[in-house]
Structures are given as C-alpha cells and as structure tokens.
$ cat model31.txt   # compact mmCIF, C-alpha atoms
# COMPACT_ATOMS: atom_id res chain seq x y z
CA MET P 289 -79.48 34.67 45.25
CA PRO P 290 -81.30 37.47 47.10
CA GLU P 291 -80.84 41.02 45.89
CA TYR P 292 -78.70 43.29 48.09
CA CYS P 293 -80.65 45.68 50.26
CA CYS P 294 -78.92 48.86 51.46
CA TYR P 295 -79.07 49.88 55.12
CA SER P 296 -81.95 52.15 55.99
CA GLY P 297 -81.29 55.57 57.49
CA HIS P 298 -82.05 54.22 60.98
CA GLU P 299 -79.76 51.22 60.48
CA LEU P 300 -76.99 53.46 59.19
CA ASN P 301 -77.23 55.59 62.31
CA GLN P 302 -76.79 52.43 64.39
CA GLU P 303 -73.78 51.40 62.29
CA LYS P 304 -72.05 54.77 62.70
CA LYS P 305 -70.51 53.78 66.06
CA ARG P 306 -69.14 50.54 64.63
CA ALA P 307 -67.78 52.37 61.60
CA ALA P 308 -66.20 55.02 63.84
CA ASP P 309 -64.37 52.28 65.74
CA LEU P 310 -63.17 50.75 62.45
CA LEU P 311 -62.09 54.07 60.97
CA GLN P 312 -60.20 55.66 63.86
CA THR P 313 -58.18 58.48 62.34
CA SER P 314 -54.92 57.57 64.07
CA MET P 315 -55.10 53.95 62.89
CA ILE P 316 -56.03 54.91 59.32
CA GLU P 317 -53.22 57.48 59.19
CA SER P 318 -50.74 54.93 60.55
CA LYS P 319 -51.72 52.39 57.89
CA ALA P 320 -51.60 55.04 55.15
CA ALA P 321 -48.09 56.03 56.28
CA LEU P 322 -46.94 52.41 56.14
CA PHE P 323 -48.35 51.88 52.65
CA LYS P 324 -46.88 55.20 51.51
CA ILE P 325 -43.45 54.04 52.70
CA LEU P 326 -43.90 50.67 51.02
CA GLY P 327 -45.23 52.37 47.88
CA ASP P 328 -41.76 53.32 46.69
CA CYS P 329 -40.05 50.77 44.42
CA ASN P 330 -36.55 51.47 45.74
CA ARG P 331 -37.67 51.05 49.35
CA LEU P 332 -39.41 47.80 48.44
CA LYS P 333 -36.25 46.60 46.72
CA ILE P 334 -34.28 47.37 49.89
CA ILE P 335 -36.79 45.48 52.01
CA GLU P 336 -36.76 42.51 49.61
CA LEU P 337 -32.95 42.42 49.80
CA LEU P 338 -32.94 42.60 53.60
CA MET P 339 -35.51 39.81 53.71
CA ASN P 340 -33.00 37.63 51.87
CA TYR P 341 -29.69 38.88 53.29
CA ASP P 342 -29.17 39.07 57.05
CA LYS P 343 -27.31 42.34 56.74
CA LEU P 344 -25.95 44.67 54.08
CA CYS P 345 -24.11 48.00 54.01
CA VAL P 346 -25.28 51.02 52.02
CA PHE P 347 -22.70 50.43 49.27
CA GLU P 348 -23.90 46.85 48.75
CA ILE P 349 -27.56 47.87 48.74
CA ALA P 350 -26.92 50.70 46.28
CA LYS P 351 -25.09 48.38 43.89
CA LEU P 352 -27.73 45.65 44.15
CA ILE P 353 -30.69 47.99 43.48
CA ASP P 354 -28.69 49.98 40.91
CA VAL P 355 -29.14 53.49 42.34
CA SER P 356 -26.71 55.99 43.81
CA ILE P 357 -25.43 55.74 47.36
CA ALA P 358 -27.09 59.12 48.09
CA THR P 359 -30.50 57.88 46.92
CA THR P 360 -30.05 54.62 48.80
CA SER P 361 -29.08 56.50 51.97
CA HIS P 362 -32.19 58.66 51.69
CA HIS P 363 -34.42 55.56 51.48
CA LEU P 364 -32.56 53.85 54.32
CA ILE P 365 -33.12 56.88 56.55
CA THR P 366 -36.85 56.79 55.79
CA LEU P 367 -37.07 53.07 56.52
CA LYS P 368 -35.06 53.52 59.71
CA ASN P 369 -37.16 56.49 60.90
CA TYR P 370 -40.26 54.31 60.65
CA GLN P 371 -38.49 51.43 62.44
CA ILE P 372 -38.77 49.06 59.49
CA ILE P 373 -35.00 48.56 59.47
CA HIS P 374 -32.26 49.18 61.98
CA SER P 375 -28.58 49.85 61.67
CA HIS P 376 -25.43 49.32 63.66
CA LYS P 377 -21.81 50.12 63.10
CA GLU P 378 -19.27 47.39 62.35
CA GLY P 379 -15.84 48.94 62.01
CA LYS P 380 -16.16 51.72 59.45
CA HIS P 381 -19.38 50.32 57.93
CA VAL P 382 -22.99 50.96 58.89
CA ILE P 383 -24.85 47.68 58.56
CA TYR P 384 -28.60 47.50 57.88
CA SER P 385 -31.07 44.72 58.61
CA LEU P 386 -34.82 44.31 58.97
CA ASN P 387 -36.21 45.40 62.31
CA ASN P 388 -39.77 44.16 62.12
CA PRO P 389 -40.64 40.56 61.14
CA LEU P 390 -44.22 41.65 60.45
CA ILE P 391 -42.94 43.57 57.43
CA THR P 392 -41.70 40.26 56.01
CA ASP P 393 -45.16 38.77 56.57
CA LEU P 394 -46.77 41.76 54.86
CA ILE P 395 -44.45 41.55 51.85
CA GLU P 396 -44.97 37.80 51.54
CA LEU P 397 -48.73 38.34 51.68
CA ALA P 398 -48.44 41.05 49.01
CA ASN P 399 -46.60 38.53 46.82
CA ARG P 400 -49.75 36.40 46.86
CA VAL P 401 -52.09 39.23 45.81
CA ASP P 402 -52.61 39.15 42.06
CA ILE P 403 -52.55 42.80 40.99
CA PRO P 404 -51.38 43.66 37.48
CA SER P 405 -48.13 45.61 37.39
CA ASN P 406 -47.86 48.88 35.55
CA GLY P 407 -44.23 49.46 36.46
CA CYS P 408 -42.73 51.48 39.25
CA LEU P 409 -44.48 54.80 39.44

$ encode --input "model31.txt" --output "structure tokens"
Amino acid sequence: MPEYCCYSGHELNQEKKRAADLLQTSMIESKAALFKILGDCNRLKIIELLMNYDKLCVFEIAKLIDVSIATTSHHLITLKNYQIIHSHKEGKHVIYSLNNPLITDLIELANRVDIPSNGCL
C-alpha cells in the first residue's frame, strides 16, 4: 500500500476553490444548527415518539418522555421554529406531528451509526 503524500503548496492553492464550495458558511451553519437541535436528548425523544405516533398532544409527550409540560413545551417550540414538527388545534388540544420526512431518514441513519453512548449530556 503506497504511503500517503500530502498536497503540495501549489496543489493546496488549487484545492482552495473546491474546499470553499464544500465549506460555504451558510450551509455549514445550517447543518450545525440542525445537529445542535438534534443534540438534545429530550428533543430526540420527542422526534422518536412522533416517528412512531402519527400525532400527540403536549400532555402525552410530556408523560411519555417523563419531563414537565413546561419543559416539553419549550422543546416543542424549538422543534416547531425549525420546521421539524408542526402543530394544529383539535378542539382544546394542540396536536404535534413530524413535518419533515427527511428527519426520519436522518434519525434512522443515525440508528445505524455505531457510536458508544456516554449518556445524555
């Protein structure tokens, strides 16, 4: 197997344009925001629930993830603001469901990545 050879200074200058296209600030910031949102255990629990239940109200979600309604509402607002979930009113209840099927794909892909758990941080 041949030994790796680093790019030369001239080659690196040529690669700068390609790297700039790959590392567009707006795209990187958008991805970082998504992973920051998904980096919270309670928000991931909510997403996992909504992947498996068509719709749930805040009371049901709070009971199922075992946190207060206030904490659950805070996380639901964050997920809604980033258009990961949506809500609608049914009678006196606000009902939540997933808004973006790509989030389901992302979570299912994450389930296949073998990273050791060190608990919810």

$ atom_distance --input "model31.txt" --atom1 "atom CA of P:Ser314" --atom2 "atom CA of P:Glu336"
27.7 Å

$ atom_distance --input "model31.txt" --atom1 "atom CA of P:Pro404" --atom2 "atom CA of P:Ile365"
29.5 Å

$ residues_around --input "model31.txt" --residues "P:Ser361" --least-positions-apart "6" --cutoff "10 Å" --atoms "all atoms listed in the file" --output "short mmCIF file (atom, residue, chain, number, x, y, z; two decimals) with C-alpha atoms, keeping the file's coordinate frame"
data_model
loop_
_atom_site.label_atom_id
_atom_site.label_comp_id
_atom_site.auth_asym_id
_atom_site.auth_seq_id
_atom_site.Cartn_x
_atom_site.Cartn_y
_atom_site.Cartn_z
CA VAL P 346 -25.28 51.02 52.02
CA PHE P 347 -22.70 50.43 49.27
CA ILE P 349 -27.56 47.87 48.74
CA ALA P 350 -26.92 50.70 46.28
CA LEU P 367 -37.07 53.07 56.52
#

$ residues_around --input "model31.txt" --residues "P:Asn369" --least-positions-apart "5" --cutoff "12 Å" --atoms "only C-alpha atoms" --output "ChimeraX atom specification"
/P:321-322,325,362-364,374-375,387

$ residues_around --input "model31.txt" --residues "P:Ile391" --least-positions-apart "6" --cutoff "10 Å" --atoms "all atoms listed in the file" --output "list in words"
Leu322, Leu326, Ile335, Met339, Ile372, Ile373 and Leu397 of chain P

$ atom_distance --input "model31.txt" --atom1 "atom CA of P:Gly327" --atom2 "atom CA of P:Gly407"
11.8 Å

$ decode --input "model31.txt" --residues "stretch 297-311 of chain P" --atoms "all heavy atoms" --output "PDB file, in the first residue's frame"
ATOM      1  N   GLY P 297       2.053  22.845  -1.697  1.00  0.00           N
ATOM      2  CA  GLY P 297       1.515  24.197  -1.571  1.00  0.00           C
ATOM      3  C   GLY P 297       0.747  24.617  -2.802  1.00  0.00           C
ATOM      4  O   GLY P 297      -0.354  25.187  -2.708  1.00  0.00           O
ATOM      5  N   HIS P 298       1.285  24.321  -3.997  1.00  0.00           N
ATOM      6  CA  HIS P 298       0.616  24.672  -5.255  1.00  0.00           C
ATOM      7  C   HIS P 298      -0.698  23.914  -5.396  1.00  0.00           C
ATOM      8  O   HIS P 298      -1.724  24.485  -5.777  1.00  0.00           O
ATOM      9  CB  HIS P 298       1.556  24.367  -6.443  1.00  0.00           C
ATOM     10  CG  HIS P 298       0.918  24.573  -7.778  1.00  0.00           C
ATOM     11  ND1 HIS P 298       0.636  25.828  -8.273  1.00  0.00           N
ATOM     12  CD2 HIS P 298       0.487  23.687  -8.712  1.00  0.00           C
ATOM     13  CE1 HIS P 298       0.047  25.701  -9.463  1.00  0.00           C
ATOM     14  NE2 HIS P 298      -0.038  24.405  -9.749  1.00  0.00           N
ATOM     15  N   GLU P 299      -0.689  22.618  -5.075  1.00  0.00           N
ATOM     16  CA  GLU P 299      -1.901  21.811  -5.162  1.00  0.00           C
ATOM     17  C   GLU P 299      -2.965  22.286  -4.171  1.00  0.00           C
ATOM     18  O   GLU P 299      -4.157  22.328  -4.496  1.00  0.00           O
ATOM     19  CB  GLU P 299      -1.577  20.333  -4.900  1.00  0.00           C
ATOM     20  CG  GLU P 299      -0.755  19.683  -6.003  1.00  0.00           C
ATOM     21  CD  GLU P 299      -0.213  18.325  -5.600  1.00  0.00           C
ATOM     22  OE1 GLU P 299       0.138  18.140  -4.411  1.00  0.00           O
ATOM     23  OE2 GLU P 299      -0.148  17.442  -6.473  1.00  0.00           O
ATOM     24  N   LEU P 300      -2.508  22.681  -2.984  1.00  0.00           N
ATOM     25  CA  LEU P 300      -3.451  23.195  -1.998  1.00  0.00           C
ATOM     26  C   LEU P 300      -4.112  24.476  -2.475  1.00  0.00           C
ATOM     27  O   LEU P 300      -5.310  24.676  -2.267  1.00  0.00           O
ATOM     28  CB  LEU P 300      -2.764  23.443  -0.656  1.00  0.00           C
ATOM     29  CG  LEU P 300      -2.636  22.239   0.249  1.00  0.00           C
ATOM     30  CD1 LEU P 300      -1.836  22.582   1.491  1.00  0.00           C
ATOM     31  CD2 LEU P 300      -3.987  21.695   0.631  1.00  0.00           C
ATOM     32  N   ASN P 301      -3.358  25.333  -3.124  1.00  0.00           N
ATOM     33  CA  ASN P 301      -3.944  26.555  -3.673  1.00  0.00           C
ATOM     34  C   ASN P 301      -5.018  26.221  -4.710  1.00  0.00           C
ATOM     35  O   ASN P 301      -6.042  26.894  -4.788  1.00  0.00           O
ATOM     36  CB  ASN P 301      -2.864  27.460  -4.282  1.00  0.00           C
ATOM     37  CG  ASN P 301      -2.049  28.162  -3.216  1.00  0.00           C
ATOM     38  OD1 ASN P 301      -2.531  28.373  -2.104  1.00  0.00           O
ATOM     39  ND2 ASN P 301      -0.815  28.496  -3.545  1.00  0.00           N
ATOM     40  N   GLN P 302      -4.784  25.188  -5.505  1.00  0.00           N
ATOM     41  CA  GLN P 302      -5.776  24.769  -6.490  1.00  0.00           C
ATOM     42  C   GLN P 302      -7.020  24.177  -5.814  1.00  0.00           C
ATOM     43  O   GLN P 302      -8.130  24.314  -6.313  1.00  0.00           O
ATOM     44  CB  GLN P 302      -5.172  23.747  -7.457  1.00  0.00           C
ATOM     45  CG  GLN P 302      -4.117  24.336  -8.373  1.00  0.00           C
ATOM     46  CD  GLN P 302      -3.468  23.274  -9.255  1.00  0.00           C
ATOM     47  OE1 GLN P 302      -3.308  22.130  -8.851  1.00  0.00           O
ATOM     48  NE2 GLN P 302      -3.103  23.684 -10.465  1.00  0.00           N
ATOM     49  N   GLU P 303      -6.830  23.530  -4.700  1.00  0.00           N
ATOM     50  CA  GLU P 303      -7.939  22.895  -3.979  1.00  0.00           C
ATOM     51  C   GLU P 303      -8.757  23.889  -3.163  1.00  0.00           C
ATOM     52  O   GLU P 303      -9.863  23.575  -2.732  1.00  0.00           O
ATOM     53  CB  GLU P 303      -7.423  21.788  -3.060  1.00  0.00           C
ATOM     54  CG  GLU P 303      -6.901  20.572  -3.794  1.00  0.00           C
ATOM     55  CD  GLU P 303      -7.994  19.866  -4.591  1.00  0.00           C
ATOM     56  OE1 GLU P 303      -9.115  19.697  -4.074  1.00  0.00           O
ATOM     57  OE2 GLU P 303      -7.714  19.485  -5.749  1.00  0.00           O
ATOM     58  N   LYS P 304      -8.251  25.085  -2.944  1.00  0.00           N
ATOM     59  CA  LYS P 304      -8.949  26.070  -2.119  1.00  0.00           C
ATOM     60  C   LYS P 304     -10.343  26.385  -2.658  1.00  0.00           C
ATOM     61  O   LYS P 304     -11.291  26.520  -1.895  1.00  0.00           O
ATOM     62  CB  LYS P 304      -8.139  27.355  -1.986  1.00  0.00           C
ATOM     63  CG  LYS P 304      -7.134  27.320  -0.886  1.00  0.00           C
ATOM     64  CD  LYS P 304      -6.496  28.671  -0.722  1.00  0.00           C
ATOM     65  CE  LYS P 304      -6.096  28.852   0.725  1.00  0.00           C
ATOM     66  NZ  LYS P 304      -5.550  30.159   0.971  1.00  0.00           N
ATOM     67  N   LYS P 305     -10.493  26.508  -3.960  1.00  0.00           N
ATOM     68  CA  LYS P 305     -11.797  26.816  -4.566  1.00  0.00           C
ATOM     69  C   LYS P 305     -12.779  25.679  -4.280  1.00  0.00           C
ATOM     70  O   LYS P 305     -13.913  25.910  -3.874  1.00  0.00           O
ATOM     71  CB  LYS P 305     -11.641  27.056  -6.069  1.00  0.00           C
ATOM     72  CG  LYS P 305     -12.933  27.125  -6.842  1.00  0.00           C
ATOM     73  CD  LYS P 305     -13.742  28.373  -6.509  1.00  0.00           C
ATOM     74  CE  LYS P 305     -14.932  28.503  -7.438  1.00  0.00           C
ATOM     75  NZ  LYS P 305     -16.203  28.409  -6.802  1.00  0.00           N
ATOM     76  N   ARG P 306     -12.321  24.464  -4.488  1.00  0.00           N
ATOM     77  CA  ARG P 306     -13.187  23.304  -4.227  1.00  0.00           C
ATOM     78  C   ARG P 306     -13.588  23.263  -2.758  1.00  0.00           C
ATOM     79  O   ARG P 306     -14.758  23.044  -2.426  1.00  0.00           O
ATOM     80  CB  ARG P 306     -12.472  22.021  -4.619  1.00  0.00           C
ATOM     81  CG  ARG P 306     -13.287  20.784  -4.368  1.00  0.00           C
ATOM     82  CD  ARG P 306     -12.616  19.543  -4.957  1.00  0.00           C
ATOM     83  NE  ARG P 306     -13.393  18.375  -4.618  1.00  0.00           N
ATOM     84  CZ  ARG P 306     -12.955  17.380  -3.873  1.00  0.00           C
ATOM     85  NH1 ARG P 306     -11.720  17.369  -3.427  1.00  0.00           N
ATOM     86  NH2 ARG P 306     -13.733  16.357  -3.591  1.00  0.00           N
ATOM     87  N   ALA P 307     -12.627  23.487  -1.885  1.00  0.00           N
ATOM     88  CA  ALA P 307     -12.909  23.477  -0.451  1.00  0.00           C
ATOM     89  C   ALA P 307     -13.869  24.607  -0.082  1.00  0.00           C
ATOM     90  O   ALA P 307     -14.773  24.417   0.737  1.00  0.00           O
ATOM     91  CB  ALA P 307     -11.618  23.586   0.351  1.00  0.00           C
ATOM     92  N   ALA P 308     -13.708  25.765  -0.696  1.00  0.00           N
ATOM     93  CA  ALA P 308     -14.605  26.887  -0.421  1.00  0.00           C
ATOM     94  C   ALA P 308     -16.037  26.537  -0.807  1.00  0.00           C
ATOM     95  O   ALA P 308     -16.986  26.891  -0.098  1.00  0.00           O
ATOM     96  CB  ALA P 308     -14.137  28.138  -1.154  1.00  0.00           C
ATOM     97  N   ASP P 309     -16.214  25.833  -1.915  1.00  0.00           N
ATOM     98  CA  ASP P 309     -17.548  25.401  -2.331  1.00  0.00           C
ATOM     99  C   ASP P 309     -18.132  24.395  -1.331  1.00  0.00           C
ATOM    100  O   ASP P 309     -19.323  24.429  -1.028  1.00  0.00           O
ATOM    101  CB  ASP P 309     -17.513  24.774  -3.726  1.00  0.00           C
ATOM    102  CG  ASP P 309     -17.248  25.792  -4.831  1.00  0.00           C
ATOM    103  OD1 ASP P 309     -17.422  27.007  -4.588  1.00  0.00           O
ATOM    104  OD2 ASP P 309     -16.861  25.361  -5.931  1.00  0.00           O
ATOM    105  N   LEU P 310     -17.286  23.503  -0.820  1.00  0.00           N
ATOM    106  CA  LEU P 310     -17.737  22.499   0.144  1.00  0.00           C
ATOM    107  C   LEU P 310     -18.074  23.106   1.505  1.00  0.00           C
ATOM    108  O   LEU P 310     -18.943  22.601   2.212  1.00  0.00           O
ATOM    109  CB  LEU P 310     -16.652  21.431   0.352  1.00  0.00           C
ATOM    110  CG  LEU P 310     -16.327  20.527  -0.821  1.00  0.00           C
ATOM    111  CD1 LEU P 310     -15.097  19.682  -0.499  1.00  0.00           C
ATOM    112  CD2 LEU P 310     -17.514  19.635  -1.142  1.00  0.00           C
ATOM    113  N   LEU P 311     -17.372  24.166   1.854  1.00  0.00           N
ATOM    114  CA  LEU P 311     -17.458  24.721   3.213  1.00  0.00           C
ATOM    115  C   LEU P 311     -18.163  26.075   3.254  1.00  0.00           C
ATOM    116  O   LEU P 311     -17.823  26.923   4.078  1.00  0.00           O
ATOM    117  CB  LEU P 311     -16.052  24.844   3.805  1.00  0.00           C
ATOM    118  CG  LEU P 311     -15.230  23.556   3.841  1.00  0.00           C
ATOM    119  CD1 LEU P 311     -13.819  23.824   4.330  1.00  0.00           C
ATOM    120  CD2 LEU P 311     -15.916  22.494   4.675  1.00  0.00           C
TER     121      LEU P 311
END
